[in-house]
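Chemist: This structure is in structure tokens; I'll ask about it shortly.
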Amino acid sequence: MKIAIPTETQVGERRVAASPDTVKSYVKKGAEVWVQAGAGKGSSIPDEAFAAAGAKIAQNDFDDPDVVLSVRRPSAELLKSLRPGAILMGGLEPYGDRQGLEAIASSGVVAFAMELMPRITRAQAMDILSSQANLAGYKAVIDAAHHFTRAFPMMMTAAGTVPAAKVFIMGVGVAGLQAIATARRLGAIVSATDVRRATEEQVKSLGAKFVYADIADAATSGGYAKELSAEDKAKQAALVAEHVKGQDVVITTALIPGRPAPVLITPDMVESMKPGSIIVDLAVERGGNCPLSRPDEIVEHKGVKIVGTVNLAGRLAGNASPLFAKNLANFLDLMIQKDGTLKVDEADECIKGTMIARDGALVHPMFQGAR
């Protein structure tokens, strides 16, 4: 079995889909691991570290790999070089660029989009969305503190008292929970909201105030949030509009799989905030929770800074890559047999749930026939 780890080609992507530890685990299972030269540079993992773990360093293209592990969709050139039946797994962005998705399918590879990992207990160790969102939530608060011109904690000084910053987290998923915890550790007064009533207990357990409108619970059976009715949207918007007026920092994290990011902070809400306030929009890649946010830009609107940094987890590549790599290794372990061969068991819930392409066609129910 030959496993290939390419250098990521998307602009700004610093992560890599393997770590020295995962390379060691693959080699122990009898795999031949090839890492493209410089693949770990953005994560501060030199080629020498991969080589010491047992990997071979590929200066150019890979020679007929059985498995390709990637953070993002591979380049068209790499995709064309793969033989039919080879396994491709990683963050394949299944909800965007239908043409690119069909190109993956037509290459004949067996492709697994790790973003579609079922939300079940045994899948947690393979969940790239959770491992990366955890870092993104942390980084969002750190970036907000960097751009904020005042301190987060309350400070008592002989010259007077510095009041604690008020931080509002919108969306209490993995990123939101980590943002709450980080803001609390920095000494801020934290509040949070979500359309799923069950998140109240989690918010309060972290020492934050839960802000909730009188709406129908929008939790799905899979644990995600579904779109609100028009009436409930209006109730939620009214509550948020009143609350954000007094906030120093707002961090938005709301995403609905397969849909544009819902608008949570309108321009009018932005204008109601105090000059010097900060908004960090974690959903900017999907259109943004604030219509004023722009990918990889800091927009200043009437004294309020709106930070739209793309791929926040990738800004912590030194941590993000080992976590991402371990998610992939745990998933690949489902297919590696004791004799070192590969077997794709489509009866396995995790394998079935993430497989998007096989035998030249899109096979996941979400994408069959959709255009």
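Ordering of the structure tokens sets the chain letters (A, B, ...), residue numbers begin anew at 1 in every chain, and ligands are numbered from 1 in the order given.
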Using only C-alpha atoms, determine which residues lie at most 6 Å from A:Met114, disregarding the query and same-chain residues fewer than 5 positions distant; provide the list as a short mmCIF file (atom, residue, chain, number, x, y, z; two decimals) with C-alpha atoms, in the first residue's frame.

Modeler:
```cif
data_model
loop_
_atom_site.label_atom_id
_atom_site.label_comp_id
_atom_site.auth_asym_id
_atom_site.auth_seq_id
_atom_site.Cartn_x
_atom_site.Cartn_y
_atom_site.Cartn_z
CA GLY A 90 -9.67 14.87 2.88
CA GLY A 91 -11.54 18.13 2.98
CA THR A 354 -18.43 10.20 3.64
#
```

Chemist: Sorted by chain and rising residue number, which residues of stretch 86-136 of chain A lie within 12 Å of stretch 271-288 of chain A, and what are their closest atom pairs and distances in Å to one decimal, counting only C-alpha atoms, as CSV?

Modeler:
```
residue,atom,partner,partner_atom,distance
A:Glu93,CA,A:Arg286,CA,11.3
A:Tyr95,CA,A:Arg286,CA,10.1
A:Gly96,CA,A:Arg286,CA,9.3
A:Ala133,CA,A:Leu282,CA,9.5
A:Asn134,CA,A:Leu282,CA,11.9
A:Leu135,CA,A:Leu282,CA,11.6
A:Ala136,CA,A:Leu282,CA,7.8
```

Chemist: Could you save those same residues with all heavy atoms as an mmCIF file, in the first residue's frame?

Modeler:
```cif
data_model
loop_
_atom_site.group_PDB
_atom_site.id
_atom_site.type_symbol
_atom_site.label_atom_id
_atom_site.label_comp_id
_atom_site.auth_asym_id
_atom_site.auth_seq_id
_atom_site.Cartn_x
_atom_site.Cartn_y
_atom_site.Cartn_z
ATOM 1 N N GLU A 93 -14.615 19.739 0.212
ATOM 2 C CA GLU A 93 -15.565 20.846 0.007
ATOM 3 C C GLU A 93 -16.754 20.410 -0.864
ATOM 4 O O GLU A 93 -16.988 20.962 -1.938
ATOM 5 C CB GLU A 93 -14.839 22.037 -0.624
ATOM 6 C CG GLU A 93 -13.648 22.521 0.191
ATOM 7 C CD GLU A 93 -12.701 23.394 -0.600
ATOM 8 O OE1 GLU A 93 -13.104 24.514 -0.942
ATOM 9 O OE2 GLU A 93 -11.564 22.947 -0.875
ATOM 10 N N TYR A 95 -19.897 20.869 -0.811
ATOM 11 C CA TYR A 95 -21.044 21.742 -1.064
ATOM 12 C C TYR A 95 -20.755 22.851 -2.068
ATOM 13 O O TYR A 95 -21.648 23.606 -2.430
ATOM 14 C CB TYR A 95 -21.515 22.374 0.247
ATOM 15 C CG TYR A 95 -21.993 21.365 1.260
ATOM 16 C CD1 TYR A 95 -21.313 21.192 2.463
ATOM 17 C CD2 TYR A 95 -23.110 20.583 1.022
ATOM 18 C CE1 TYR A 95 -21.748 20.271 3.407
ATOM 19 C CE2 TYR A 95 -23.549 19.651 1.960
ATOM 20 C CZ TYR A 95 -22.865 19.503 3.154
ATOM 21 O OH TYR A 95 -23.295 18.585 4.073
ATOM 22 N N GLY A 96 -19.529 22.981 -2.498
ATOM 23 C CA GLY A 96 -19.202 24.057 -3.419
ATOM 24 C C GLY A 96 -18.566 23.540 -4.695
ATOM 25 O O GLY A 96 -17.986 22.457 -4.718
ATOM 26 N N ALA A 133 -12.598 23.416 13.850
ATOM 27 C CA ALA A 133 -13.445 24.476 14.393
ATOM 28 C C ALA A 133 -13.020 24.860 15.797
ATOM 29 O O ALA A 133 -13.124 26.022 16.202
ATOM 30 C CB ALA A 133 -14.909 24.027 14.389
ATOM 31 N N ASN A 134 -12.544 23.902 16.552
ATOM 32 C CA ASN A 134 -12.062 24.180 17.903
ATOM 33 C C ASN A 134 -10.945 25.224 17.864
ATOM 34 O O ASN A 134 -10.949 26.195 18.635
ATOM 35 C CB ASN A 134 -11.557 22.872 18.519
ATOM 36 C CG ASN A 134 -11.409 22.968 20.020
ATOM 37 O OD1 ASN A 134 -12.289 23.435 20.714
ATOM 38 N ND2 ASN A 134 -10.282 22.526 20.527
ATOM 39 N N LEU A 135 -10.015 25.054 16.951
ATOM 40 C CA LEU A 135 -8.915 26.010 16.806
ATOM 41 C C LEU A 135 -9.408 27.347 16.255
ATOM 42 O O LEU A 135 -8.940 28.410 16.657
ATOM 43 C CB LEU A 135 -7.834 25.434 15.892
ATOM 44 C CG LEU A 135 -7.060 24.242 16.456
ATOM 45 C CD1 LEU A 135 -6.192 23.605 15.379
ATOM 46 C CD2 LEU A 135 -6.192 24.674 17.639
ATOM 47 N N ALA A 136 -10.363 27.286 15.321
ATOM 48 C CA ALA A 136 -10.896 28.516 14.738
ATOM 49 C C ALA A 136 -11.590 29.366 15.795
ATOM 50 O O ALA A 136 -11.452 30.600 15.796
ATOM 51 C CB ALA A 136 -11.874 28.171 13.612
#
```

Chemist: Which is closer to A:Thr266 than all the others in A:Pro20, A:Asn289, A:Gln247, A:Asp232, using only C-alpha atoms?

Modeler: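 Checking each of A:Pro20, A:Asn289, A:Gln247, A:Asp232 against A:Thr266, counting only C-alpha atoms, the winner is A:Asn289.
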
Chemist: For a quick check of understanding, using only C-alpha atoms, which of A:Ala320, A:Val110, A:Ala53, A:Ala58 has the smallest distance to A:Ala39?

Modeler: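 Closest residue, counting only C-alpha atoms: A:Ala58.
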
Chemist: Could you check the closest approach to A:Ala86 for each of A:Leu264, A:Val67, A:Ala145, A:Ala230 and tell me which residue wins, using only C-alpha atoms?

Modeler: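 Smallest separation from A:Ala86 among the options: A:Val67.
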
Chemist: Using only C-alpha atoms, which residue out of A:Val250, A:Gly160, A:Ala125, A:Lys56 lies closest to A:Ile189?

Modeler: A:Val250

Chemist: Contacts between stretch 163-170 of chain A and stretch 95-151 of chain A, please, where a residue of stretch 95-151 of chain A counts if it comes within 12 Å (with only C-alpha atoms); show its shortest atom pair and distance in Å to one decimal, rows by chain and ascending number, as CSV.

Modeler:
```
residue,atom,partner,partner_atom,distance
A:Gly137,CA,A:Ile169,CA,9.8
A:Tyr138,CA,A:Ile169,CA,11.8
A:Ala140,CA,A:Ile169,CA,10.4
A:Val141,CA,A:Val167,CA,9.1
A:Ala144,CA,A:Val167,CA,9.6
A:Ala145,CA,A:Ala165,CA,9.6
A:Phe148,CA,A:Ala165,CA,9.5
A:Thr149,CA,A:Ala165,CA,10.6
A:Arg150,CA,A:Ala165,CA,7.8
A:Ala151,CA,A:Ala165,CA,6.8
```

Chemist: Distance atom CA of A:Arg14-atom CA of A:Asn311, one decimal place?

Modeler: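 One can read the atom CA of A:Arg14 to atom CA of A:Asn311 distance as 9.7 Å.
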
Chemist: Which residues come within 10 Å of A:Ile57, counting only C-alpha atoms, excluding same-chain residues fewer than 2 positions away, as a list of chain:residue names?

Modeler: A:Ala4, A:Ile5, A:Val33, A:Trp34, A:Val35, A:Gln36, A:Ala37, A:Gly38, A:Ala39, A:Asp47, A:Glu48, A:Phe50, A:Ala51, A:Gly54, A:Ala55, A:Gln59, A:Asn60, A:Phe62

Chemist: Identify which of the residues A:Ala188, A:Leu332, A:Asp359, A:Pro6 lies closest to A:Val344, counting only C-alpha atoms when measuring atom-to-atom distances.

Modeler: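 Closest to A:Val344, using only C-alpha atoms: A:Leu332.
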
Chemist: Let's see if you can do this: from backbone DSSP, list all alpha helix (DSSP H) residues in stretch 138-272 of chain A, as a count of residues only.

Modeler: 50

Chemist: Run DSSP on the backbone of this structure and report the residues of stretch 29-73 of chain A it assigns to strand (DSSP E), as an NGL selection string.

Modeler: :A and (32-36 or 56-58 or 67-70)

Chemist: Pull the closest atom pair for each residue of stretch 238-301 of chain A that gets at most 12 Å from stretch 196-215 of chain A, along with the distance in Å to one decimal, counting only C-alpha atoms, ordering rows by chain and then ascending residue number, as a Markdown table.

Modeler:
```
| residue | atom | partner | partner_atom | distance |
| --- | --- | --- | --- | --- |
| A:Ala238 | CA | A:Ala213 | CA | 8.7 |
| A:Leu239 | CA | A:Ala213 | CA | 6.4 |
| A:Val240 | CA | A:Val211 | CA | 8.4 |
| A:Ala241 | CA | A:Ala213 | CA | 11.7 |
| A:Glu242 | CA | A:Val211 | CA | 11.1 |
| A:His243 | CA | A:Val211 | CA | 8.6 |
| A:Val244 | CA | A:Val211 | CA | 11.0 |
| A:Ala254 | CA | A:Arg196 | CA | 11.6 |
```

Chemist: Identify, on the basis of only C-alpha atoms, every residue whose closest approach to A:Asp64 does not exceed 10 Å; exclude the query and any residue fewer than 5 positions from it along the same chain; express the result as a PyMOL selection string.

Modeler: chain A and resi 2-4+81-83+86

Chemist: Take the selection from the previous step and output its residues with C-alpha atoms, as a compact mmCIF listing (two decimals), in the first residue's frame.

Modeler:
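Once everything was written out, this is selection_38.txt:
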```
# COMPACT_ATOMS: atom_id res chain seq x y z
CA LYS A 2 1.39 3.37 -1.04
CA ILE A 3 0.14 6.54 0.67
CA ALA A 4 0.81 9.96 -0.86
CA SER A 81 -2.50 11.28 -12.51
CA LEU A 82 -4.42 8.99 -10.17
CA ARG A 83 -5.52 5.57 -11.37
CA ALA A 86 -7.29 4.88 -5.92
```

Chemist: Counting only C-alpha atoms, which of A:Met89, A:Ala52, A:Asp127, A:Ala76 gets nearest to A:Ser107?

Modeler: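 Checking each of A:Met89, A:Ala52, A:Asp127, A:Ala76 against A:Ser107, counting only C-alpha atoms, the winner is A:Ala76.
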